[in-house]
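First comes the structure, then the notes that go with it.
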Amino acid sequence: MAALAPTAHLQLPFFDAAHQQLAADLSAWAAVQDVDEQDDRLACREWVRRLGAAGWLRHCVPAEFGGVRAQLDSRALVILRETLAFYSPLADFAFAMQGLGSGAITLAGTAAQKSRYLPAVAQGQMIAAFALSEAQAGSDAGAMATTARFGANGDVTLQGSKTWISNGGIADYYCVFAKTDPQAGTRGITAFIVDADTPGLDASEHIAVMAPHPLATLQFADCRLPASAQLGELHGGFKLAMRTLDIFRASVAAAALGMARRALALAVDYAQARPMFGQRLADFQLTQAKLGEMVALIDAGALLTYRAAWLRDCVGTEGAQHAQTYSAAAAMAKMVATENAQRVIDMALQMHGGMGVRMGNKIESLYRDIRSLRIYEGATEVQLLILGKSVLRASSKTA
Ligand code: COS
């Protein structure tokens, strides 16, 4: 085990004493967890159970439904993900999906929906999932083809398929987005909560990926839901999905930071221990330059990440101006932190030489773990689109 996750950055004015305590407590807990991660689905269940039992998942829901704070606190989410990812990217993933898979219920659920799902998510008794992507609708989420048709008695029938669904096959329920008015584009999408045991839902198609991560394709064949399964406004599903993603994008950035900080810690340990040409690897200026570059890349991502979280917590997202400012800040944080983390981990691996590519070495697994963060919850290219649109919007206001 490397040293405990670093916490000096928590002295920055973005954080308060409760955040600092949270980081210290979580780091002490996470450092001694030992979960066998060979089977991603079993491991993910185990992480959800442990995270729930230890109370960490309570940060995913509001206090009224078993959470820690009155509202989701982005800085707490950032600290939780950064710290968990430092120790185990799969633990981070298990935590994040409880938040993402319940976020739309927190934002738009009825009292009955919130009472049924949120306390169970917070205790780790229900595993949550968010089902937006389809084979032909990844970055272009509005192009989804899954349909939801209302029957005469108000019930709903889902037809279609979702893919790349995190927690697919192990989730207890899915927040599913489907077209309720196929001609209306992004204005014709509605969200529904689909319990995993609903007849007509098949989540058995597991997708194997390069780093442990339970993923599946979902098939909906005449999958019938009661009217009470509708989540949020009719045709309001696209905005609900975007608002949910907005909350969690800054936390993806934080997960990338955790992995990058771990890679830096490993690189420092290795450089100080490895003899080479009569001195230590760390004594070469070439090595020092790389370590310097790594720490600067991490700090750049960190400042953007903490800014985004602070904006959401302390300025808020009420009103178009604040919502757009936050949305752009979260997009920038996600893009920079994940791209920088990939570079940092690559440099750390290079420093390890042949040991870096040896299976079972932590730096080798980090190299695989980081890759998907540049893709999921909005690829880097999507973040660039969001940022580009926000620059144009700002310039047209000042013209
Ligand atoms: N919050 C609230 N509303 C938002 C929003 C946000 N963050 N982003 C967009 N909207 C609204 C827009 O204001 C617009 O509203 P009107 O219909 O009232 O005009 C509507 O949603 C459509 O927005 P836009 O025209 O920008 O949609 P696009 O189809 O061009 O798509 C992107 C925009 C690419 C940003 C969006 O599809 C996206 O985020 N794609 C990535 C999806 C993703 O992250 N997938 C991963 C799934 S989870 S692993």
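Labels for the structure tokens follow display order: chains A, B, ..., residues from 1 in each chain, ligands from 1.
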Per-residue DSSP, region 54-241 of chain A, filtered to strand (DSSP E), as a PDB file with N, CA, C and O atoms, in the first residue's frame:
```pdb
ATOM      1  N   ALA A 128     -28.101   0.920  -7.769  1.00  0.00           N
ATOM      2  CA  ALA A 128     -28.769   1.843  -8.691  1.00  0.00           C
ATOM      3  C   ALA A 128     -28.072   1.869 -10.050  1.00  0.00           C
ATOM      4  O   ALA A 128     -26.881   1.561 -10.157  1.00  0.00           O
ATOM      5  N   ALA A 129     -28.805   2.241 -11.103  1.00  0.00           N
ATOM      6  CA  ALA A 129     -28.192   2.372 -12.436  1.00  0.00           C
ATOM      7  C   ALA A 129     -28.910   3.458 -13.233  1.00  0.00           C
ATOM      8  O   ALA A 129     -30.074   3.786 -12.973  1.00  0.00           O
ATOM      9  N   PHE A 130     -28.184   3.987 -14.210  1.00  0.00           N
ATOM     10  CA  PHE A 130     -28.637   5.119 -15.029  1.00  0.00           C
ATOM     11  C   PHE A 130     -28.547   4.651 -16.475  1.00  0.00           C
ATOM     12  O   PHE A 130     -27.452   4.350 -16.961  1.00  0.00           O
ATOM     13  N   ALA A 131     -29.691   4.550 -17.153  1.00  0.00           N
ATOM     14  CA  ALA A 131     -29.685   3.948 -18.493  1.00  0.00           C
ATOM     15  C   ALA A 131     -30.086   4.976 -19.551  1.00  0.00           C
ATOM     16  O   ALA A 131     -31.273   5.183 -19.835  1.00  0.00           O
ATOM     17  N   THR A 147     -38.441   3.397 -27.085  1.00  0.00           N
ATOM     18  CA  THR A 147     -39.703   4.139 -26.964  1.00  0.00           C
ATOM     19  C   THR A 147     -40.459   3.722 -25.705  1.00  0.00           C
ATOM     20  O   THR A 147     -40.315   2.610 -25.207  1.00  0.00           O
ATOM     21  N   ALA A 148     -41.288   4.642 -25.240  1.00  0.00           N
ATOM     22  CA  ALA A 148     -42.204   4.368 -24.129  1.00  0.00           C
ATOM     23  C   ALA A 148     -43.585   4.801 -24.598  1.00  0.00           C
ATOM     24  O   ALA A 148     -43.788   5.976 -24.925  1.00  0.00           O
ATOM     25  N   ARG A 149     -44.519   3.841 -24.678  1.00  0.00           N
ATOM     26  CA  ARG A 149     -45.883   4.178 -25.142  1.00  0.00           C
ATOM     27  C   ARG A 149     -46.850   4.047 -23.982  1.00  0.00           C
ATOM     28  O   ARG A 149     -46.845   3.049 -23.253  1.00  0.00           O
ATOM     29  N   PHE A 150     -47.724   5.057 -23.853  1.00  0.00           N
ATOM     30  CA  PHE A 150     -48.724   5.021 -22.782  1.00  0.00           C
ATOM     31  C   PHE A 150     -49.944   4.254 -23.243  1.00  0.00           C
ATOM     32  O   PHE A 150     -50.437   4.465 -24.363  1.00  0.00           O
ATOM     33  N   VAL A 156     -47.331   2.040 -19.075  1.00  0.00           N
ATOM     34  CA  VAL A 156     -46.315   2.407 -20.069  1.00  0.00           C
ATOM     35  C   VAL A 156     -45.633   1.134 -20.577  1.00  0.00           C
ATOM     36  O   VAL A 156     -45.349   0.238 -19.785  1.00  0.00           O
ATOM     37  N   THR A 157     -45.354   1.079 -21.883  1.00  0.00           N
ATOM     38  CA  THR A 157     -44.644  -0.083 -22.423  1.00  0.00           C
ATOM     39  C   THR A 157     -43.336   0.367 -23.062  1.00  0.00           C
ATOM     40  O   THR A 157     -43.330   1.218 -23.960  1.00  0.00           O
ATOM     41  N   LEU A 158     -42.231  -0.199 -22.579  1.00  0.00           N
ATOM     42  CA  LEU A 158     -40.910   0.139 -23.125  1.00  0.00           C
ATOM     43  C   LEU A 158     -40.512  -0.890 -24.180  1.00  0.00           C
ATOM     44  O   LEU A 158     -40.695  -2.100 -23.984  1.00  0.00           O
ATOM     45  N   GLN A 159     -39.954  -0.376 -25.290  1.00  0.00           N
ATOM     46  CA  GLN A 159     -39.415  -1.238 -26.353  1.00  0.00           C
ATOM     47  C   GLN A 159     -38.067  -0.672 -26.754  1.00  0.00           C
ATOM     48  O   GLN A 159     -37.950   0.540 -26.969  1.00  0.00           O
ATOM     49  N   GLY A 160     -37.068  -1.530 -26.878  1.00  0.00           N
ATOM     50  CA  GLY A 160     -35.780  -1.046 -27.369  1.00  0.00           C
ATOM     51  C   GLY A 160     -34.636  -1.615 -26.573  1.00  0.00           C
ATOM     52  O   GLY A 160     -34.772  -2.647 -25.901  1.00  0.00           O
ATOM     53  N   SER A 161     -33.510  -0.928 -26.666  1.00  0.00           N
ATOM     54  CA  SER A 161     -32.299  -1.466 -26.057  1.00  0.00           C
ATOM     55  C   SER A 161     -31.410  -0.321 -25.560  1.00  0.00           C
ATOM     56  O   SER A 161     -31.316   0.726 -26.193  1.00  0.00           O
ATOM     57  N   LYS A 162     -30.768  -0.531 -24.423  1.00  0.00           N
ATOM     58  CA  LYS A 162     -29.781   0.412 -23.878  1.00  0.00           C
ATOM     59  C   LYS A 162     -28.467  -0.345 -23.750  1.00  0.00           C
ATOM     60  O   LYS A 162     -28.470  -1.554 -23.485  1.00  0.00           O
ATOM     61  N   THR A 163     -27.370   0.351 -23.924  1.00  0.00           N
ATOM     62  CA  THR A 163     -26.094  -0.362 -23.775  1.00  0.00           C
ATOM     63  C   THR A 163     -25.060   0.479 -23.037  1.00  0.00           C
ATOM     64  O   THR A 163     -25.283   1.669 -22.812  1.00  0.00           O
ATOM     65  N   TRP A 164     -23.950  -0.171 -22.659  1.00  0.00           N
ATOM     66  CA  TRP A 164     -22.899   0.440 -21.825  1.00  0.00           C
ATOM     67  C   TRP A 164     -23.476   0.856 -20.478  1.00  0.00           C
ATOM     68  O   TRP A 164     -23.090   1.884 -19.933  1.00  0.00           O
ATOM     69  N   ILE A 165     -24.416   0.069 -19.978  1.00  0.00           N
ATOM     70  CA  ILE A 165     -25.077   0.475 -18.738  1.00  0.00           C
ATOM     71  C   ILE A 165     -24.301  -0.043 -17.531  1.00  0.00           C
ATOM     72  O   ILE A 165     -24.226  -1.256 -17.286  1.00  0.00           O
ATOM     73  N   SER A 166     -23.727   0.894 -16.794  1.00  0.00           N
ATOM     74  CA  SER A 166     -22.977   0.544 -15.590  1.00  0.00           C
ATOM     75  C   SER A 166     -23.924  -0.068 -14.574  1.00  0.00           C
ATOM     76  O   SER A 166     -25.044   0.424 -14.387  1.00  0.00           O
ATOM     77  N   TYR A 173     -32.604  -1.507  -9.702  1.00  0.00           N
ATOM     78  CA  TYR A 173     -33.504  -0.720 -10.555  1.00  0.00           C
ATOM     79  C   TYR A 173     -32.665   0.128 -11.515  1.00  0.00           C
ATOM     80  O   TYR A 173     -31.467   0.351 -11.280  1.00  0.00           O
ATOM     81  N   TYR A 174     -33.315   0.589 -12.591  1.00  0.00           N
ATOM     82  CA  TYR A 174     -32.654   1.409 -13.616  1.00  0.00           C
ATOM     83  C   TYR A 174     -33.466   2.687 -13.829  1.00  0.00           C
ATOM     84  O   TYR A 174     -34.693   2.605 -13.948  1.00  0.00           O
ATOM     85  N   CYS A 175     -32.800   3.844 -13.909  1.00  0.00           N
ATOM     86  CA  CYS A 175     -33.471   5.065 -14.376  1.00  0.00           C
ATOM     87  C   CYS A 175     -33.302   5.063 -15.895  1.00  0.00           C
ATOM     88  O   CYS A 175     -32.179   5.262 -16.401  1.00  0.00           O
ATOM     89  N   VAL A 176     -34.404   4.832 -16.584  1.00  0.00           N
ATOM     90  CA  VAL A 176     -34.343   4.624 -18.040  1.00  0.00           C
ATOM     91  C   VAL A 176     -34.941   5.840 -18.748  1.00  0.00           C
ATOM     92  O   VAL A 176     -36.006   6.324 -18.369  1.00  0.00           O
ATOM     93  N   PHE A 177     -34.251   6.290 -19.788  1.00  0.00           N
ATOM     94  CA  PHE A 177     -34.724   7.433 -20.578  1.00  0.00           C
ATOM     95  C   PHE A 177     -35.214   6.901 -21.921  1.00  0.00           C
ATOM     96  O   PHE A 177     -34.511   6.134 -22.591  1.00  0.00           O
ATOM     97  N   ALA A 178     -36.438   7.303 -22.298  1.00  0.00           N
ATOM     98  CA  ALA A 178     -37.025   6.756 -23.529  1.00  0.00           C
ATOM     99  C   ALA A 178     -37.840   7.822 -24.239  1.00  0.00           C
ATOM    100  O   ALA A 178     -38.325   8.786 -23.622  1.00  0.00           O
ATOM    101  N   LYS A 179     -38.009   7.606 -25.537  1.00  0.00           N
ATOM    102  CA  LYS A 179     -38.766   8.572 -26.349  1.00  0.00           C
ATOM    103  C   LYS A 179     -40.269   8.410 -26.080  1.00  0.00           C
ATOM    104  O   LYS A 179     -40.830   7.323 -26.260  1.00  0.00           O
ATOM    105  N   ILE A 189     -38.456  13.186 -24.693  1.00  0.00           N
ATOM    106  CA  ILE A 189     -37.862  12.081 -23.910  1.00  0.00           C
ATOM    107  C   ILE A 189     -38.382  12.153 -22.471  1.00  0.00           C
ATOM    108  O   ILE A 189     -38.502  13.250 -21.904  1.00  0.00           O
ATOM    109  N   THR A 190     -38.712  10.988 -21.905  1.00  0.00           N
ATOM    110  CA  THR A 190     -39.202  10.949 -20.520  1.00  0.00           C
ATOM    111  C   THR A 190     -38.407   9.888 -19.764  1.00  0.00           C
ATOM    112  O   THR A 190     -37.969   8.898 -20.355  1.00  0.00           O
ATOM    113  N   ALA A 191     -38.240  10.117 -18.462  1.00  0.00           N
ATOM    114  CA  ALA A 191     -37.519   9.144 -17.621  1.00  0.00           C
ATOM    115  C   ALA A 191     -38.508   8.231 -16.889  1.00  0.00           C
ATOM    116  O   ALA A 191     -39.620   8.665 -16.544  1.00  0.00           O
ATOM    117  N   PHE A 192     -38.081   7.000 -16.646  1.00  0.00           N
ATOM    118  CA  PHE A 192     -38.897   6.028 -15.912  1.00  0.00           C
ATOM    119  C   PHE A 192     -37.992   5.245 -14.971  1.00  0.00           C
ATOM    120  O   PHE A 192     -36.815   5.020 -15.274  1.00  0.00           O
ATOM    121  N   ILE A 193     -38.575   4.808 -13.840  1.00  0.00           N
ATOM    122  CA  ILE A 193     -37.817   3.915 -12.948  1.00  0.00           C
ATOM    123  C   ILE A 193     -38.285   2.490 -13.248  1.00  0.00           C
ATOM    124  O   ILE A 193     -39.480   2.190 -13.168  1.00  0.00           O
ATOM    125  N   VAL A 194     -37.332   1.648 -13.620  1.00  0.00           N
ATOM    126  CA  VAL A 194     -37.673   0.270 -13.983  1.00  0.00           C
ATOM    127  C   VAL A 194     -37.006  -0.685 -12.993  1.00  0.00           C
ATOM    128  O   VAL A 194     -35.768  -0.759 -12.916  1.00  0.00           O
ATOM    129  N   ASP A 195     -37.813  -1.384 -12.201  1.00  0.00           N
ATOM    130  CA  ASP A 195     -37.238  -2.365 -11.269  1.00  0.00           C
ATOM    131  C   ASP A 195     -36.623  -3.510 -12.064  1.00  0.00           C
ATOM    132  O   ASP A 195     -37.142  -3.903 -13.119  1.00  0.00           O
ATOM    133  N   LEU A 201     -37.763  -7.014 -19.194  1.00  0.00           N
ATOM    134  CA  LEU A 201     -36.411  -6.437 -19.109  1.00  0.00           C
ATOM    135  C   LEU A 201     -35.401  -7.580 -18.994  1.00  0.00           C
ATOM    136  O   LEU A 201     -35.516  -8.430 -18.107  1.00  0.00           O
ATOM    137  N   ASP A 202     -34.434  -7.594 -19.915  1.00  0.00           N
ATOM    138  CA  ASP A 202     -33.371  -8.595 -19.866  1.00  0.00           C
ATOM    139  C   ASP A 202     -32.032  -7.866 -19.754  1.00  0.00           C
ATOM    140  O   ASP A 202     -31.653  -7.115 -20.661  1.00  0.00           O
ATOM    141  N   ALA A 203     -31.344  -8.067 -18.647  1.00  0.00           N
ATOM    142  CA  ALA A 203     -30.065  -7.369 -18.402  1.00  0.00           C
ATOM    143  C   ALA A 203     -28.910  -8.369 -18.342  1.00  0.00           C
ATOM    144  O   ALA A 203     -27.892  -8.114 -17.703  1.00  0.00           O
ATOM    145  N   SER A 204     -29.073  -9.498 -19.014  1.00  0.00           N
ATOM    146  CA  SER A 204     -28.097 -10.580 -18.827  1.00  0.00           C
ATOM    147  C   SER A 204     -26.852 -10.451 -19.714  1.00  0.00           C
ATOM    148  O   SER A 204     -25.899 -11.187 -19.530  1.00  0.00           O
ATOM    149  N   GLU A 205     -26.872  -9.504 -20.686  1.00  0.00           N
ATOM    150  CA  GLU A 205     -25.729  -9.443 -21.621  1.00  0.00           C
ATOM    151  C   GLU A 205     -24.589  -8.598 -21.062  1.00  0.00           C
ATOM    152  O   GLU A 205     -24.554  -7.373 -21.192  1.00  0.00           O
ATOM    153  N   HIS A 206     -23.656  -9.273 -20.435  1.00  0.00           N
ATOM    154  CA  HIS A 206     -22.519  -8.592 -19.798  1.00  0.00           C
ATOM    155  C   HIS A 206     -21.514  -8.140 -20.857  1.00  0.00           C
ATOM    156  O   HIS A 206     -21.268  -8.858 -21.816  1.00  0.00           O
ATOM    157  N   LEU A 215     -20.725  -3.891 -16.650  1.00  0.00           N
ATOM    158  CA  LEU A 215     -21.453  -3.202 -17.723  1.00  0.00           C
ATOM    159  C   LEU A 215     -22.348  -4.210 -18.423  1.00  0.00           C
ATOM    160  O   LEU A 215     -21.958  -5.374 -18.568  1.00  0.00           O
ATOM    161  N   ALA A 216     -23.498  -3.765 -18.909  1.00  0.00           N
ATOM    162  CA  ALA A 216     -24.371  -4.694 -19.627  1.00  0.00           C
ATOM    163  C   ALA A 216     -25.198  -3.951 -20.662  1.00  0.00           C
ATOM    164  O   ALA A 216     -25.318  -2.720 -20.630  1.00  0.00           O
ATOM    165  N   THR A 217     -25.756  -4.746 -21.568  1.00  0.00           N
ATOM    166  CA  THR A 217     -26.765  -4.249 -22.498  1.00  0.00           C
ATOM    167  C   THR A 217     -28.131  -4.645 -21.932  1.00  0.00           C
ATOM    168  O   THR A 217     -28.291  -5.746 -21.418  1.00  0.00           O
ATOM    169  N   LEU A 218     -29.083  -3.721 -22.001  1.00  0.00           N
ATOM    170  CA  LEU A 218     -30.444  -4.006 -21.520  1.00  0.00           C
ATOM    171  C   LEU A 218     -31.373  -4.132 -22.729  1.00  0.00           C
ATOM    172  O   LEU A 218     -31.311  -3.303 -23.640  1.00  0.00           O
ATOM    173  N   GLN A 219     -32.217  -5.142 -22.702  1.00  0.00           N
ATOM    174  CA  GLN A 219     -33.236  -5.286 -23.748  1.00  0.00           C
ATOM    175  C   GLN A 219     -34.608  -5.075 -23.117  1.00  0.00           C
ATOM    176  O   GLN A 219     -34.891  -5.669 -22.062  1.00  0.00           O
ATOM    177  N   PHE A 220     -35.425  -4.270 -23.768  1.00  0.00           N
ATOM    178  CA  PHE A 220     -36.801  -4.070 -23.305  1.00  0.00           C
ATOM    179  C   PHE A 220     -37.729  -4.615 -24.381  1.00  0.00           C
ATOM    180  O   PHE A 220     -37.765  -4.088 -25.502  1.00  0.00           O
ATOM    181  N   ALA A 221     -38.448  -5.685 -24.064  1.00  0.00           N
ATOM    182  CA  ALA A 221     -39.388  -6.266 -25.021  1.00  0.00           C
ATOM    183  C   ALA A 221     -40.764  -6.278 -24.367  1.00  0.00           C
ATOM    184  O   ALA A 221     -40.999  -7.043 -23.419  1.00  0.00           O
ATOM    185  N   ASP A 222     -41.640  -5.369 -24.809  1.00  0.00           N
ATOM    186  CA  ASP A 222     -42.956  -5.230 -24.174  1.00  0.00           C
ATOM    187  C   ASP A 222     -42.825  -5.151 -22.658  1.00  0.00           C
ATOM    188  O   ASP A 222     -43.520  -5.848 -21.920  1.00  0.00           O
ATOM    189  N   CYS A 223     -41.933  -4.329 -22.232  1.00  0.00           N
ATOM    190  CA  CYS A 223     -41.673  -4.193 -20.794  1.00  0.00           C
ATOM    191  C   CYS A 223     -42.687  -3.197 -20.216  1.00  0.00           C
ATOM    192  O   CYS A 223     -42.626  -1.999 -20.504  1.00  0.00           O
ATOM    193  N   ARG A 224     -43.627  -3.737 -19.429  1.00  0.00           N
ATOM    194  CA  ARG A 224     -44.766  -2.904 -18.995  1.00  0.00           C
ATOM    195  C   ARG A 224     -44.548  -2.345 -17.584  1.00  0.00           C
ATOM    196  O   ARG A 224     -44.173  -3.083 -16.674  1.00  0.00           O
ATOM    197  N   LEU A 225     -44.790  -1.037 -17.466  1.00  0.00           N
ATOM    198  CA  LEU A 225     -44.579  -0.348 -16.182  1.00  0.00           C
ATOM    199  C   LEU A 225     -45.876   0.324 -15.756  1.00  0.00           C
ATOM    200  O   LEU A 225     -46.656   0.778 -16.612  1.00  0.00           O
ATOM    201  N   GLN A 230     -43.208   6.717 -13.939  1.00  0.00           N
ATOM    202  CA  GLN A 230     -42.688   7.919 -14.632  1.00  0.00           C
ATOM    203  C   GLN A 230     -41.906   8.782 -13.650  1.00  0.00           C
ATOM    204  O   GLN A 230     -42.361   9.049 -12.533  1.00  0.00           O
ATOM    205  N   LEU A 231     -40.728   9.225 -14.074  1.00  0.00           N
ATOM    206  CA  LEU A 231     -39.846  10.015 -13.217  1.00  0.00           C
ATOM    207  C   LEU A 231     -39.736  11.430 -13.790  1.00  0.00           C
ATOM    208  O   LEU A 231     -39.198  11.619 -14.880  1.00  0.00           O
TER     209      LEU A 231
END
```
Residues of chain A that have any atom at most 8 Å from an atom of ligand 1: could you tabulate them with the shortest-distance atom pair and the distance in Å to one decimal, using only C-alpha atoms and all ligand atoms, ordered by chain and increasing number, as a Markdown table?
```
| residue | atom | partner | partner_atom_place_in_ligand_line | distance |
| --- | --- | --- | --- | --- |
| A:Phe130 | CA | ligand 1 | 48 (S) | 6.9 |
| A:Ala131 | CA | ligand 1 | 48 (S) | 7.3 |
| A:Leu132 | CA | ligand 1 | 47 (C) | 5.6 |
| A:Ser133 | CA | ligand 1 | 47 (C) | 5.5 |
| A:Gly138 | CA | ligand 1 | 45 (N) | 5.5 |
| A:Ser139 | CA | ligand 1 | 41 (C) | 4.0 |
| A:Asp140 | CA | ligand 1 | 37 (O) | 4.6 |
| A:Ala141 | CA | ligand 1 | 37 (O) | 4.5 |
| A:Gly142 | CA | ligand 1 | 29 (O) | 5.1 |
| A:Ala143 | CA | ligand 1 | 29 (O) | 7.7 |
| A:Trp164 | CA | ligand 1 | 49 (S) | 7.4 |
| A:Ile165 | CA | ligand 1 | 49 (S) | 7.3 |
| A:Ser166 | CA | ligand 1 | 49 (S) | 7.4 |
| A:Gly185 | CA | ligand 1 | 29 (O) | 7.9 |
| A:Thr186 | CA | ligand 1 | 22 (C) | 5.6 |
| A:Arg187 | CA | ligand 1 | 17 (O) | 5.6 |
| A:Phe238 | CA | ligand 1 | 21 (O) | 6.1 |
| A:Lys239 | CA | ligand 1 | 3 (N) | 4.3 |
| A:Leu240 | CA | ligand 1 | 2 (C) | 6.8 |
| A:Ala241 | CA | ligand 1 | 1 (N) | 7.9 |
| A:Met242 | CA | ligand 1 | 7 (N) | 4.5 |
| A:Arg243 | CA | ligand 1 | 1 (N) | 4.4 |
| A:Leu245 | CA | ligand 1 | 44 (O) | 6.5 |
| A:Asp246 | CA | ligand 1 | 7 (N) | 5.7 |
| A:Ala323 | CA | ligand 1 | 1 (N) | 7.1 |
| A:Gln324 | CA | ligand 1 | 7 (N) | 7.3 |
| A:Ser327 | CA | ligand 1 | 7 (N) | 5.7 |
| A:Ile375 | CA | ligand 1 | 46 (C) | 7.9 |
| A:Tyr376 | CA | ligand 1 | 49 (S) | 4.4 |
| A:Glu377 | CA | ligand 1 | 46 (C) | 3.8 |
| A:Gly378 | CA | ligand 1 | 44 (O) | 3.3 |
| A:Ala379 | CA | ligand 1 | 44 (O) | 6.9 |
| A:Val382 | CA | ligand 1 | 34 (C) | 5.4 |
| A:Gln383 | CA | ligand 1 | 35 (C) | 7.2 |
| A:Leu385 | CA | ligand 1 | 35 (C) | 6.7 |
| A:Ile386 | CA | ligand 1 | 35 (C) | 5.6 |
```
Pick out the residues sitting within 12 Å of Ala255 (chain A), and hand them over as an MDAnalysis selection string; count only C-alpha atoms, and ignore anything fewer than 2 positions along from it in its own chain.
-> chainID A and resid 77:96 248:253 257:262 298 301:302 305 333:334 337:338 341:342 366 369:374
So which one's closest to Ala112 (chain A), A:Pro13, A:Met144, A:Ala229, A:Gly360? Using only C-alpha atoms, please.
-> A:Ala229
Residue nearest Ile170 (chain A) - candidates A:Leu107, A:Gln123, A:Thr146, A:Arg45, atoms counted: only C-alpha atoms | A:Arg45
Based on DSSP run over this structure's backbone, return all residues of region 227-393 of chain A in helix (DSSP H, G or I), as a ChimeraX atom specification.
-> /A:227-229,237-273,281-283,285-315,320-351,353-357,362-374,380-393
Residue neighbourhood Ala120 (chain A), 10 Å, only C-alpha atoms, exclusion window fewer than 5 positions, as a PDB file with N, CA, C and O atoms, in the first residue's frame:
```pdb
ATOM      1  N   GLY A  52     -22.106   1.097   2.022  1.00  0.00           N
ATOM      2  CA  GLY A  52     -23.387   1.369   2.680  1.00  0.00           C
ATOM      3  C   GLY A  52     -23.283   1.166   4.180  1.00  0.00           C
ATOM      4  O   GLY A  52     -23.687   2.020   4.978  1.00  0.00           O
ATOM      5  N   LEU A  57     -22.257   5.966   1.623  1.00  0.00           N
ATOM      6  CA  LEU A  57     -23.262   6.185   0.563  1.00  0.00           C
ATOM      7  C   LEU A  57     -24.307   7.210   0.980  1.00  0.00           C
ATOM      8  O   LEU A  57     -25.076   7.687   0.132  1.00  0.00           O
ATOM      9  N   ARG A  58     -24.339   7.537   2.262  1.00  0.00           N
ATOM     10  CA  ARG A  58     -25.316   8.554   2.706  1.00  0.00           C
ATOM     11  C   ARG A  58     -25.026   9.911   2.066  1.00  0.00           C
ATOM     12  O   ARG A  58     -25.880  10.784   2.053  1.00  0.00           O
ATOM     13  N   PHE A  65     -33.983  11.757   3.202  1.00  0.00           N
ATOM     14  CA  PHE A  65     -34.135  10.350   2.804  1.00  0.00           C
ATOM     15  C   PHE A  65     -32.915   9.511   3.207  1.00  0.00           C
ATOM     16  O   PHE A  65     -32.499   8.600   2.508  1.00  0.00           O
ATOM     17  N   GLY A  66     -32.344   9.882   4.348  1.00  0.00           N
ATOM     18  CA  GLY A  66     -31.269   9.051   4.898  1.00  0.00           C
ATOM     19  C   GLY A  66     -29.872   9.567   4.583  1.00  0.00           C
ATOM     20  O   GLY A  66     -28.886   8.888   4.889  1.00  0.00           O
ATOM     21  N   LYS A 114     -39.014   8.776  -3.905  1.00  0.00           N
ATOM     22  CA  LYS A 114     -37.842   9.076  -3.068  1.00  0.00           C
ATOM     23  C   LYS A 114     -37.812   8.157  -1.847  1.00  0.00           C
ATOM     24  O   LYS A 114     -36.765   7.628  -1.489  1.00  0.00           O
ATOM     25  N   SER A 115     -38.980   7.974  -1.214  1.00  0.00           N
ATOM     26  CA  SER A 115     -39.011   7.141  -0.004  1.00  0.00           C
ATOM     27  C   SER A 115     -38.689   5.687  -0.329  1.00  0.00           C
ATOM     28  O   SER A 115     -38.087   4.982   0.467  1.00  0.00           O
ATOM     29  N   GLN A 125     -28.496  -1.124   0.254  1.00  0.00           N
ATOM     30  CA  GLN A 125     -29.411  -2.272   0.135  1.00  0.00           C
ATOM     31  C   GLN A 125     -30.000  -2.392  -1.263  1.00  0.00           C
ATOM     32  O   GLN A 125     -30.596  -3.404  -1.611  1.00  0.00           O
ATOM     33  N   MET A 126     -29.923  -1.318  -2.035  1.00  0.00           N
ATOM     34  CA  MET A 126     -30.350  -1.371  -3.431  1.00  0.00           C
ATOM     35  C   MET A 126     -29.209  -0.842  -4.286  1.00  0.00           C
ATOM     36  O   MET A 126     -28.592   0.174  -3.942  1.00  0.00           O
ATOM     37  N   ILE A 127     -28.951  -1.512  -5.408  1.00  0.00           N
ATOM     38  CA  ILE A 127     -27.927  -1.034  -6.340  1.00  0.00           C
ATOM     39  C   ILE A 127     -28.641  -0.272  -7.455  1.00  0.00           C
ATOM     40  O   ILE A 127     -29.652  -0.734  -8.001  1.00  0.00           O
ATOM     41  N   ALA A 128     -28.101   0.920  -7.769  1.00  0.00           N
ATOM     42  CA  ALA A 128     -28.769   1.843  -8.691  1.00  0.00           C
ATOM     43  C   ALA A 128     -28.072   1.869 -10.050  1.00  0.00           C
ATOM     44  O   ALA A 128     -26.881   1.561 -10.157  1.00  0.00           O
TER      45      ALA A 128
END
```
Compile the contact shell of Trp56 (chain A) as JSON, numbers by chain: residues with an atom at most 10 Å away, counting only C-alpha atoms, same-chain residues fewer than 3 positions apart removed.
-> {"A": [22, 26, 48, 50, 51, 52, 53, 59, 60, 67, 68, 77, 80, 95, 122, 123, 124]}
